[in-house]
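Below is one structure, written out as structure tokens, with a few remarks after it.
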Amino acid sequence: MDNLVSTYWLSYREKINNRFPEYYKYLNPPASEDEILHLQTVLGYEIPVEMKDLYRLNN
């Protein structure tokens with residue numbers, strides 16, 4: 001999970017937590033690998049690595 005998209009999302013998430021903690025609780029927990037595989041099955045194609053990484057951080 002070492003890419004620019006993940007880095008920016010983690011920074012954004014931290015800012016939300018620091019500035020608007022009442023909204024931070026509304027971020028979904030990470031998606032499981034099974035959930036990501038299910039999404040790809042439903043879509044019918046493999047999603048990009050960066051998108052998978054985002055789902056692994058917050059679904």
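Labels for the structure tokens follow display order: chains A, B, ..., residues from 1 in each chain, ligands from 1.
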
>> Using only C-alpha atoms, which protein or nucleic acid residues come within 7 Å of stretch 4-15 of chain A? Drop anything in the same chain fewer than 5 positions from it, and give the result as a VMD selection string.
In response: chain A and resid 50 53 to 54

> Leaving out A:Ala31 and any residue of its chain fewer than 2 positions from it, which residues lie within 12 Å of it when counting only C-alpha atoms, given as number ranges by chain?
Replying inline: A: 27-29, 33-39, 51-59

>> Please return, as number ranges by chain, all residues of chain A that DSSP assigns to helix (DSSP H, G or I) on the basis of the backbone.
In response: A: 4-19, 21-24, 33-43, 49-57

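In this structure, atom CA of A:Ser32 sits 18.0 Å away from atom CA of A:Asp2.
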